[in-house]
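Coordinates from upload17.txt are shown below (compact mmCIF, C-alpha atoms).
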```txt
# COMPACT_ATOMS: atom_id res chain seq x y z
CA MET A 2 7.66 14.99 38.25
CA GLU A 3 11.26 13.73 38.13
CA VAL A 4 13.83 13.57 40.92
CA PHE A 5 16.71 12.04 38.95
CA GLU A 6 17.66 13.14 35.43
CA PHE A 7 17.67 9.96 33.38
CA SER A 8 18.29 9.93 29.65
CA GLU A 9 15.38 9.20 27.33
CA LYS A 10 16.95 5.85 26.46
CA ILE A 11 17.04 4.81 30.13
CA LYS A 12 13.47 6.00 30.79
CA SER A 13 12.14 4.25 27.70
CA ALA A 14 13.84 0.97 28.59
CA ALA A 15 12.55 1.19 32.18
CA GLU A 16 8.98 1.82 31.03
CA ALA A 17 9.12 -1.17 28.67
CA ALA A 18 10.58 -3.35 31.43
CA MET A 19 7.84 -2.39 33.89
CA HIS A 20 5.19 -3.33 31.34
CA LYS A 21 6.80 -6.75 30.89
CA CYS A 22 7.02 -7.38 34.65
CA LYS A 23 3.33 -7.03 35.53
CA GLY A 24 2.59 -10.76 35.60
CA GLN A 25 5.69 -11.61 37.63
CA PHE A 26 4.95 -8.83 40.12
CA ALA A 27 1.41 -10.13 40.70
CA GLU A 28 2.74 -13.60 41.50
CA LEU A 29 5.37 -12.17 43.85
CA ASP A 30 2.67 -10.23 45.71
CA ARG A 31 0.68 -13.45 46.13
CA LEU A 32 3.73 -15.26 47.50
CA CYS A 33 4.53 -12.38 49.85
CA GLU A 34 1.04 -12.48 51.35
CA TYR A 35 1.20 -16.25 51.86
CA ASN A 36 4.66 -16.19 53.47
CA GLY A 37 3.67 -13.19 55.59
CA GLN A 38 0.77 -15.19 56.99
CA ARG A 39 3.08 -18.13 57.73
CA VAL A 40 5.44 -15.89 59.67
CA LEU A 41 2.60 -14.25 61.59
CA LYS A 42 1.20 -17.65 62.52
CA ALA A 43 4.59 -18.73 63.90
CA PHE A 44 4.58 -15.69 66.20
CA ILE A 45 1.02 -16.40 67.32
CA ASP A 46 1.47 -20.16 67.78
CA ASN A 47 4.60 -19.66 69.88
CA ARG A 48 2.99 -16.95 72.05
CA VAL A 49 5.71 -14.36 71.54
CA SER A 50 5.47 -11.66 74.20
CA GLU A 51 7.12 -8.29 74.80
CA ILE A 52 9.35 -9.91 77.42
CA HIS A 53 10.89 -12.12 74.71
CA LEU A 54 12.29 -9.06 72.94
CA LYS A 55 14.60 -8.28 75.86
CA GLY A 56 18.09 -9.76 75.96
CA THR A 57 20.33 -11.29 78.58
CA THR A 58 23.98 -10.91 79.56
CA GLY A 59 26.69 -13.20 80.84
CA TYR A 60 26.08 -16.92 80.39
CA GLY A 61 22.57 -16.42 79.09
CA TYR A 62 20.99 -19.15 81.19
CA ASP A 63 17.19 -19.33 80.91
CA ASP A 64 17.10 -16.84 78.03
CA GLU A 65 13.44 -17.25 77.10
CA GLY A 66 13.61 -14.80 74.21
CA ARG A 67 16.50 -16.70 72.60
CA ASP A 68 14.76 -20.06 73.01
CA LYS A 69 11.44 -18.71 71.72
CA LEU A 70 13.20 -17.23 68.69
CA ASP A 71 14.56 -20.68 67.82
CA LYS A 72 11.00 -22.03 67.86
CA VAL A 73 9.67 -19.25 65.64
CA PHE A 74 12.40 -19.84 63.06
CA ALA A 75 11.93 -23.60 63.22
CA GLN A 76 8.21 -23.25 62.47
CA VAL A 77 8.73 -20.77 59.63
CA LEU A 78 11.39 -23.02 58.11
CA GLY A 79 9.48 -26.26 58.60
CA ALA A 80 12.15 -27.72 60.89
CA GLU A 81 12.13 -29.62 64.18
CA ASP A 82 14.52 -27.14 65.79
CA ALA A 83 16.73 -24.17 64.97
CA LEU A 84 19.86 -22.48 66.23
CA VAL A 85 19.49 -18.72 65.65
CA ARG A 86 22.32 -16.60 67.04
CA HIS A 87 23.65 -13.10 66.61
CA ASN A 88 27.21 -14.39 67.09
CA PHE A 89 27.28 -16.20 63.77
CA VAL A 90 29.48 -13.65 62.02
CA ASN A 91 28.26 -14.54 58.51
CA GLY A 92 26.68 -17.33 56.47
CA THR A 93 30.02 -19.06 55.98
CA HIS A 94 30.46 -19.21 59.77
CA ALA A 95 27.03 -20.83 60.20
CA LEU A 96 27.77 -23.32 57.41
CA THR A 97 31.18 -24.11 58.93
CA THR A 98 29.61 -24.67 62.36
CA ALA A 99 27.11 -27.10 60.86
CA LEU A 100 29.78 -29.04 58.95
CA PHE A 101 32.06 -29.35 61.98
CA GLY A 102 29.07 -30.20 64.14
CA VAL A 103 28.17 -33.23 62.05
CA LEU A 104 31.41 -34.49 60.47
CA ARG A 105 34.27 -36.33 62.15
CA PRO A 106 37.78 -37.36 60.99
CA LYS A 107 37.68 -39.84 58.07
CA ASP A 108 34.07 -38.93 57.23
CA THR A 109 33.38 -37.85 53.65
CA LEU A 110 31.74 -34.59 52.67
CA LEU A 111 30.23 -34.93 49.19
CA SER A 112 29.27 -31.75 47.34
CA VAL A 113 26.60 -32.83 44.85
CA THR A 114 26.22 -29.42 43.16
CA GLY A 115 29.77 -28.86 41.98
CA MET A 116 32.50 -26.93 43.74
CA PRO A 117 31.15 -24.73 46.56
CA TYR A 118 31.71 -21.00 46.27
CA ASP A 119 35.03 -19.37 47.05
CA THR A 120 34.78 -18.78 50.81
CA MET A 121 33.62 -22.35 51.47
CA GLN A 122 36.55 -23.76 49.52
CA GLU A 123 38.90 -22.39 52.17
CA VAL A 124 36.76 -23.90 54.94
CA ILE A 125 36.83 -27.32 53.29
CA LEU A 126 40.19 -27.48 51.52
CA GLY A 127 42.43 -24.85 53.12
CA GLU A 128 45.82 -25.94 54.43
CA ASN A 129 47.11 -25.32 57.95
CA CYS A 130 44.18 -23.08 58.84
CA GLY A 131 41.95 -25.44 60.81
CA SER A 132 40.01 -26.50 57.72
CA MET A 133 38.08 -29.72 57.32
CA ARG A 134 41.04 -31.15 55.43
CA ASP A 135 43.31 -30.33 58.38
CA PHE A 136 40.96 -32.33 60.62
CA GLY A 137 40.98 -35.37 58.36
CA VAL A 138 37.58 -34.94 56.71
CA ASN A 139 37.57 -36.21 53.13
CA PHE A 140 36.07 -34.12 50.36
CA SER A 141 34.55 -35.26 47.10
CA MET A 142 32.58 -33.41 44.44
CA ILE A 143 30.15 -34.23 41.67
CA PRO A 144 30.33 -31.66 38.85
CA LEU A 145 27.16 -30.25 37.40
CA LEU A 146 26.13 -31.16 33.87
CA SER A 147 26.90 -28.84 30.95
CA ASP A 148 23.50 -27.15 31.36
CA GLY A 149 24.23 -26.38 35.01
CA MET A 150 21.82 -28.99 36.37
CA PRO A 151 22.65 -31.80 38.84
CA ASN A 152 23.88 -35.17 37.62
CA TYR A 153 21.24 -37.30 39.35
CA ALA A 154 22.63 -40.66 38.18
CA GLU A 155 26.11 -39.85 39.46
CA ILE A 156 24.67 -38.53 42.74
CA ALA A 157 22.86 -41.82 43.30
CA ARG A 158 25.97 -43.82 42.39
CA ARG A 159 28.37 -41.96 44.67
CA SER A 160 26.18 -41.11 47.67
CA PRO A 161 27.05 -44.33 49.58
CA GLU A 162 30.53 -42.88 50.23
CA ALA A 163 29.15 -39.79 52.00
CA LYS A 164 28.45 -39.03 55.63
CA LEU A 165 27.11 -35.63 54.56
CA ALA A 166 25.84 -34.47 51.16
CA TYR A 167 26.16 -30.73 50.54
CA ILE A 168 23.74 -28.84 48.27
CA GLN A 169 24.43 -25.22 47.32
CA ARG A 170 21.09 -23.68 46.41
CA SER A 171 22.32 -20.37 45.02
CA ARG A 172 24.54 -19.86 41.99
CA GLY A 173 27.51 -18.22 43.73
CA TYR A 174 29.90 -16.61 41.25
CA SER A 175 28.69 -18.74 38.36
CA LEU A 176 26.01 -18.50 35.69
CA ARG A 177 24.41 -21.85 36.44
CA PRO A 178 20.77 -21.79 37.55
CA SER A 179 19.87 -21.53 41.20
CA PHE A 180 18.04 -24.63 42.37
CA ASP A 181 14.36 -24.47 43.22
CA ILE A 182 12.65 -26.70 45.76
CA SER A 183 11.57 -29.14 43.04
CA THR A 184 15.16 -29.62 41.89
CA ILE A 185 16.41 -29.95 45.46
CA SER A 186 13.74 -32.61 46.02
CA LYS A 187 15.08 -34.61 43.04
CA ILE A 188 18.63 -34.33 44.38
CA ILE A 189 17.50 -35.59 47.78
CA GLN A 190 15.62 -38.49 46.19
CA ALA A 191 18.76 -39.47 44.27
CA ILE A 192 20.81 -39.44 47.49
CA ARG A 193 18.23 -41.40 49.46
CA SER A 194 17.94 -44.01 46.72
CA SER A 195 21.40 -45.30 47.63
CA ASN A 196 22.15 -43.90 51.12
CA ARG A 197 19.25 -43.66 53.55
CA ASP A 198 21.49 -42.49 56.41
CA CYS A 199 23.32 -39.65 54.68
CA VAL A 200 22.91 -36.24 56.33
CA ILE A 201 21.68 -33.84 53.66
CA MET A 202 22.58 -30.21 54.22
CA VAL A 203 21.48 -27.26 52.07
CA ASP A 204 23.27 -23.94 51.91
CA ASN A 205 20.02 -21.96 51.85
CA CYS A 206 21.60 -18.49 51.62
CA TYR A 207 19.59 -16.07 49.45
CA GLY A 208 16.75 -18.60 49.03
CA GLU A 209 14.59 -18.20 52.13
CA LEU A 210 10.96 -17.20 51.52
CA VAL A 211 11.50 -17.06 47.76
CA GLU A 212 9.14 -20.02 47.41
CA ASP A 213 6.25 -21.21 49.58
CA LYS A 214 8.36 -23.81 51.38
CA GLU A 215 11.96 -24.51 52.32
CA PRO A 216 14.24 -27.51 51.55
CA THR A 217 13.26 -29.13 54.87
CA ALA A 218 9.82 -29.77 53.34
CA VAL A 219 11.37 -32.13 50.78
CA GLY A 220 13.71 -34.03 53.08
CA ALA A 221 16.75 -31.84 53.84
CA ASP A 222 18.17 -32.61 57.29
CA LEU A 223 19.81 -29.20 57.78
CA ILE A 224 19.43 -25.80 56.14
CA VAL A 225 21.74 -22.89 56.88
CA GLY A 226 21.78 -19.16 56.17
CA SER A 227 22.64 -15.62 57.22
CA LEU A 228 20.47 -13.03 58.95
CA ILE A 229 21.85 -10.13 56.93
CA LYS A 230 20.31 -11.79 53.90
CA ASN A 231 16.64 -12.78 53.50
CA LEU A 232 15.47 -13.74 56.98
CA GLY A 233 16.87 -10.66 58.71
CA GLY A 234 14.48 -8.49 56.71
CA GLY A 235 17.01 -5.66 56.55
CA ILE A 236 16.61 -5.12 60.30
CA ALA A 237 18.74 -7.79 62.01
CA GLU A 238 22.19 -6.29 62.54
CA THR A 239 24.12 -9.57 62.32
CA GLY A 240 23.75 -13.32 62.82
CA GLY A 241 22.82 -16.56 61.15
CA TYR A 242 20.79 -19.72 61.62
CA ILE A 243 20.92 -23.48 61.32
CA ALA A 244 17.59 -25.34 61.17
CA GLY A 245 16.65 -28.97 60.80
CA ARG A 246 16.48 -32.24 62.71
CA SER A 247 16.69 -31.72 66.46
CA GLU A 248 19.54 -34.17 67.12
CA LEU A 249 21.67 -32.51 64.43
CA ILE A 250 20.91 -29.04 65.78
CA GLU A 251 22.14 -30.24 69.17
CA GLN A 252 25.42 -31.41 67.61
CA CYS A 253 25.83 -28.07 65.87
CA SER A 254 25.16 -26.19 69.11
CA TYR A 255 28.01 -28.10 70.79
CA ARG A 256 30.34 -26.85 68.07
CA LEU A 257 29.09 -23.25 68.33
CA THR A 258 29.51 -23.11 72.13
CA CYS A 259 31.01 -26.18 73.80
CA PRO A 260 30.16 -29.86 74.36
CA GLY A 261 27.72 -30.29 77.22
CA ALA A 262 26.46 -26.71 77.11
CA GLY A 263 25.19 -26.31 73.56
CA LYS A 264 22.02 -24.23 73.24
CA GLU A 265 21.67 -23.70 76.98
CA VAL A 266 24.23 -20.88 77.05
CA GLY A 267 24.91 -17.77 75.03
CA CYS A 268 23.48 -14.41 76.01
CA SER A 269 21.42 -12.51 73.47
CA LEU A 270 22.50 -9.03 74.62
CA ASN A 271 20.28 -6.45 72.88
CA GLN A 272 19.89 -8.34 69.60
CA LEU A 273 16.57 -10.15 70.03
CA ARG A 274 14.19 -7.34 69.09
CA GLY A 275 15.95 -6.73 65.79
CA VAL A 276 15.95 -10.41 64.86
CA TYR A 277 12.27 -10.85 65.74
CA MET A 278 11.37 -7.74 63.76
CA GLY A 279 13.63 -8.88 60.95
CA ILE A 280 11.91 -12.19 60.33
CA PHE A 281 8.52 -10.49 60.69
CA HIS A 282 9.44 -8.04 57.91
CA ALA A 283 11.30 -10.65 55.87
CA PRO A 284 8.46 -11.62 53.48
CA GLU A 285 8.06 -7.97 52.38
CA ALA A 286 11.82 -7.41 52.13
CA VAL A 287 12.27 -10.57 50.06
CA CYS A 288 9.39 -9.53 47.81
CA ALA A 289 10.99 -6.12 47.23
CA ALA A 290 14.33 -7.77 46.43
CA LEU A 291 12.65 -10.17 43.99
CA LYS A 292 10.79 -7.36 42.23
CA THR A 293 14.07 -5.46 41.95
CA SER A 294 15.68 -8.57 40.43
CA VAL A 295 12.85 -9.09 37.95
CA PHE A 296 12.92 -5.43 36.90
CA ALA A 297 16.72 -5.40 36.60
CA THR A 298 16.77 -8.40 34.26
CA ALA A 299 13.88 -7.11 32.13
CA PHE A 300 15.54 -3.68 31.96
CA PHE A 301 19.00 -4.94 31.01
CA GLU A 302 17.54 -7.40 28.51
CA GLN A 303 15.83 -4.37 26.98
CA LEU A 304 19.27 -2.74 26.75
CA GLY A 305 20.69 -5.79 24.94
CA PHE A 306 22.44 -7.71 27.72
CA GLU A 307 22.15 -11.39 28.66
CA THR A 308 20.77 -12.08 32.15
CA PHE A 309 20.59 -15.11 34.42
CA PRO A 310 17.76 -15.80 35.07
CA LYS A 311 15.68 -14.06 32.44
CA TYR A 312 13.05 -11.66 33.72
CA ASN A 313 10.17 -14.13 33.24
CA GLU A 314 11.90 -17.20 34.65
CA LYS A 315 10.95 -18.53 38.08
CA ARG A 316 13.02 -17.06 40.92
CA THR A 317 14.63 -19.46 43.39
CA ASP A 318 16.82 -16.89 45.15
CA ILE A 319 17.19 -13.11 45.21
CA ILE A 320 20.31 -13.04 43.00
CA ALA A 321 20.49 -12.12 39.32
CA ALA A 322 23.60 -12.18 37.17
CA LEU A 323 24.01 -9.64 34.37
CA LYS A 324 26.59 -10.54 31.73
CA LEU A 325 28.11 -7.14 30.97
CA GLY A 326 31.12 -8.29 28.95
CA SER A 327 34.03 -6.11 30.10
CA PRO A 328 35.75 -4.94 33.29
CA GLU A 329 34.96 -1.32 32.37
CA LYS A 330 31.24 -2.07 32.28
CA LEU A 331 31.43 -3.96 35.58
CA ILE A 332 33.11 -1.03 37.29
CA ALA A 333 30.72 1.55 35.82
CA PHE A 334 27.69 -0.54 36.81
CA CYS A 335 28.90 -0.85 40.40
CA GLU A 336 29.67 2.88 40.54
CA GLY A 337 26.08 3.55 39.52
CA ILE A 338 24.64 1.17 42.13
CA GLN A 339 26.78 2.84 44.79
CA SER A 340 25.62 6.30 43.70
CA GLY A 341 22.01 5.21 44.28
CA SER A 342 22.61 3.89 47.78
CA PRO A 343 21.20 5.58 50.90
CA ILE A 344 24.55 5.22 52.70
CA ASP A 345 27.92 6.25 51.22
CA SER A 346 26.40 7.25 47.87
CA PHE A 347 29.40 9.56 47.35
CA VAL A 348 31.93 6.70 47.54
CA SER A 349 33.42 5.20 44.37
CA PRO A 350 33.95 1.41 44.62
CA GLU A 351 37.21 -0.05 43.35
CA PRO A 352 38.37 -3.65 42.72
CA TRP A 353 40.40 -5.14 45.59
CA ASP A 354 41.94 -8.40 46.80
CA MET A 355 39.06 -9.61 48.96
CA PRO A 356 39.93 -12.37 51.50
CA GLY A 357 38.68 -15.79 50.38
CA TYR A 358 38.63 -14.96 46.65
CA ASP A 359 41.22 -15.71 43.96
CA SER A 360 40.42 -12.67 41.77
CA LYS A 361 40.06 -8.99 42.44
CA VAL A 362 36.46 -8.23 43.44
CA ILE A 363 34.48 -5.02 43.11
CA MET A 364 31.55 -4.48 45.44
CA ALA A 365 28.88 -1.80 45.60
CA ALA A 366 26.84 -1.73 48.79
CA GLY A 367 25.75 1.46 50.48
CA ALA A 368 23.82 -0.37 53.17
CA PHE A 369 22.45 0.41 56.64
CA THR A 370 24.02 -2.90 57.75
CA MET A 371 27.51 -3.54 56.43
CA GLY A 372 27.48 -6.37 53.88
CA ALA A 373 23.71 -6.89 54.07
CA SER A 374 22.82 -8.40 50.70
CA ILE A 375 19.08 -8.09 51.30
CA GLU A 376 19.84 -4.41 50.67
CA LEU A 377 20.58 -3.43 47.07
CA SER A 378 24.13 -4.42 46.32
CA ALA A 379 26.26 -5.70 43.47
CA ASP A 380 29.57 -7.48 43.31
CA ALA A 381 31.73 -9.12 40.70
CA PRO A 382 35.10 -10.81 40.37
CA LEU A 383 37.10 -9.16 37.60
CA ARG A 384 37.37 -12.27 35.45
CA GLU A 385 35.59 -13.85 32.51
CA PRO A 386 32.70 -13.73 31.67
CA TYR A 387 32.66 -10.26 33.31
CA ALA A 388 29.26 -10.71 34.87
CA VAL A 389 27.97 -8.78 37.85
CA TRP A 390 25.88 -10.42 40.55
CA LEU A 391 23.05 -8.26 41.80
CA GLN A 392 20.91 -8.81 44.87
CA GLY A 393 18.62 -7.10 47.32
CA GLY A 394 16.49 -3.99 47.46
CA LEU A 395 14.70 -3.14 50.71
CA THR A 396 12.00 -1.29 48.81
CA PHE A 397 11.15 -1.69 45.16
CA PRO A 398 11.02 2.04 44.28
CA THR A 399 14.57 2.59 45.57
CA GLY A 400 15.77 -0.70 44.08
CA LYS A 401 14.42 0.25 40.67
CA THR A 402 16.07 3.67 40.90
CA GLY A 403 19.42 2.11 41.81
CA ILE A 404 19.28 -0.14 38.74
CA MET A 405 18.47 2.80 36.48
CA LEU A 406 21.35 4.82 37.96
CA ALA A 407 23.72 1.93 37.20
CA ALA A 408 22.67 1.98 33.56
CA GLN A 409 22.88 5.79 33.51
CA ARG A 410 26.50 5.64 34.71
CA MET A 411 27.35 3.13 31.99
CA SER A 412 25.69 5.38 29.42
CA GLU A 413 27.58 8.46 30.59
CA LYS A 414 30.83 6.56 30.07
CA GLY A 415 29.83 5.51 26.56
CA LEU A 416 29.42 1.86 27.55
CA LEU A 417 25.79 1.31 26.48
```

Show me, as structure tokens, the structure contained in the file I just sent.
Amino acid sequence: MEVFEFSEKIKSAAEAAMHKCKGQFAELDRLCEYNGQRVLKAFIDNRVSEIHLKGTTGYGYDDEGRDKLDKVFAQVLGAEDALVRHNFVNGTHALTTALFGVLRPKDTLLSVTGMPYDTMQEVILGENCGSMRDFGVNFSMIPLLSDGMPNYAEIARRSPEAKLAYIQRSRGYSLRPSFDISTISKIIQAIRSSNRDCVIMVDNCYGELVEDKEPTAVGADLIVGSLIKNLGGGIAETGGYIAGRSELIEQCSYRLTCPGAGKEVGCSLNQLRGVYMGIFHAPEAVCAALKTSVFATAFFEQLGFETFPKYNEKRTDIIAALKLGSPEKLIAFCEGIQSGSPIDSFVSPEPWDMPGYDSKVIMAAGAFTMGASIELSADAPLREPYAVWLQGGLTFPTGKTGIMLAAQRMSEKGLL
């Protein structure tokens, strides 16, 4: 029994892709069960109660639910402490708070994984906008090697100059590989070999619960991310987190609120229940997103396109890049993703001048939470190599359908 009318070519490619994915799906189910148990244990160990789901107003003094939430996140993420707040407006805001919390004028920020993605470039290098450059923080960068991997020798050589070393786990708008925990461990070892005191910070966006541990387990001092990505489980309405060493979390909290107050203030309003539920559901949501990613790459490889990563390569985040080859194919793909969304399926996405980006960007995201990339979404800058970056999928059946609708739209326009 069929609900959508797919062409025989699309159905045949999907069937072949599903057959290929069986082994990867079994491993993802195993990981989901393990991470689900870890999250459950964090709730049990920290004695979460119904009272902790209720928020506060005003100054937020003695907000037990907020403080308990920090402990749950810290345990799940393998950190000493965490700063989890609904008033982080996005991942870039949380990353910015962490950088300004730790760095001071004349300190050096060293990006060891190449140039950070577009929105962070404005934070670090923008002019007359309150950027790190405006506040006298120096920036240096170590390019990745030609294969997209870190230059460990150069990292070890140049780390002595850095107060903070910055690792971007996910690929951003590039086709380089995302970095797994093993690779992050090697980066950290290279930094520590020449600078024992360097603060090592990982942009962990899109990578949480994709493996059985987080970068803190291999020596990262701070990890940072958004709650409308993995750890919000598709339920948290907004927010972000910073997790890591307790003294660094305290410094970051002074930047988020004000010196002397830090974590002791900040009401949680009515946001706690959604964030608690979000992290509880996160292992399943991440698993669904990963299965959608694996299927999408197997499916589009079956249709003759190059994908990053390939369907049978290890996942280190929820993002996959599909090299489509032309702006027309990018636009058609995003139209198809949008048409398979639960919200605003009737809307047709168009390229636009998105703040923080130097190229027109097209985005497809019919999500329950605006911009939530744990929900099926796709976006692409209209520039070479004309690749689309795909992420999310709250359930695998709907994620799979969205991918097939994207291909169907391309086919209807004569682009397959």

Which is closer to Gly326 in chain A than all the others in A:Glu162, A:Glu385, A:Asp354, A:Glu376, using only C-alpha atoms?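 Residue with the minimum atom-to-atom distance to Gly326 in chain A: A:Glu385.
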
Surrounding residues of Cys22 in chain A excluding itself and chain neighbours under 6 positions, 10 Å, only C-alpha atoms, as a compact mmCIF listing (two decimals) with C-alpha atoms, in the frame of the given file:
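Output below, filename out-v8.txt:
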```
# COMPACT_ATOMS: atom_id res chain seq x y z
CA LYS A 292 10.79 -7.36 42.23
CA VAL A 295 12.85 -9.09 37.95
CA PHE A 296 12.92 -5.43 36.90
CA THR A 298 16.77 -8.40 34.26
CA ALA A 299 13.88 -7.11 32.13
CA PHE A 300 15.54 -3.68 31.96
CA TYR A 312 13.05 -11.66 33.72
CA ASN A 313 10.17 -14.13 33.24
```

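Proximity to Leu100 in chain A was assessed for A:Phe140, A:Glu212, A:Glu329, A:Ser227 counting all atoms listed in the file; the smallest distance is recorded for A:Phe140.
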
Within 10 Å of range 55-58 of chain A, which residues of range 173-289 of chain A come that close, and what is the closest atom pair and distance in Å for each? Count all atoms listed in the file and give it as a Markdown table.
```
| residue | atom | partner | partner_atom | distance |
| --- | --- | --- | --- | --- |
| A:Gly267 | CA | A:Thr58 | CA | 8.3 |
| A:Cys268 | CA | A:Thr58 | CA | 5.0 |
| A:Ser269 | CA | A:Gly56 | CA | 5.0 |
| A:Leu270 | CA | A:Gly56 | CA | 4.7 |
| A:Asn271 | CA | A:Gly56 | CA | 5.0 |
| A:Gln272 | CA | A:Gly56 | CA | 6.8 |
| A:Leu273 | CA | A:Gly56 | CA | 6.1 |
| A:Arg274 | CA | A:Lys55 | CA | 6.8 |
```

As a check of understanding: the span from CA of Pro178 in chain A to CA of Ile319 in chain A is 12.1 Å

Measure the distance from CA of Asp148 in chain A to CA of Met121 in chain A in Å and round it to one decimal.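 Rounded to one decimal, the two atoms are 23.0 Å apart.
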
Which residue out of A:Gly403, A:Gly341, A:Pro398, A:Ala297 has the minimum interatomic distance to Ala18 in chain A when all atoms listed in the file are used?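 Nearest candidate to Ala18 in chain A out of A:Gly403, A:Gly341, A:Pro398, A:Ala297: A:Ala297.
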
For Ile11 in chain A, the nearest of the candidates A:Thr98, A:Ser171, A:Gln303, A:Ser346, counting all atoms listed in the file: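 When distances to Ile11 in chain A are compared using all atoms listed in the file, the smallest one comes from A:Gln303.
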
Spatial neighbours of Ser8 in chain A, max dist 10 Å, all atoms listed in the file, sep filter under 6 positions, as a PyMOL selection string: chain A and resi 405+408-409+412-413

Near Ala157 in chain A, counting all atoms listed in the file, which residues have an atom at most 12 Å away, once you skip same-chain residues fewer than 3 positions from it, shown as a PyMOL selection string? chain A and resi 111+113+143+151-154+160-163+166+187-197+199
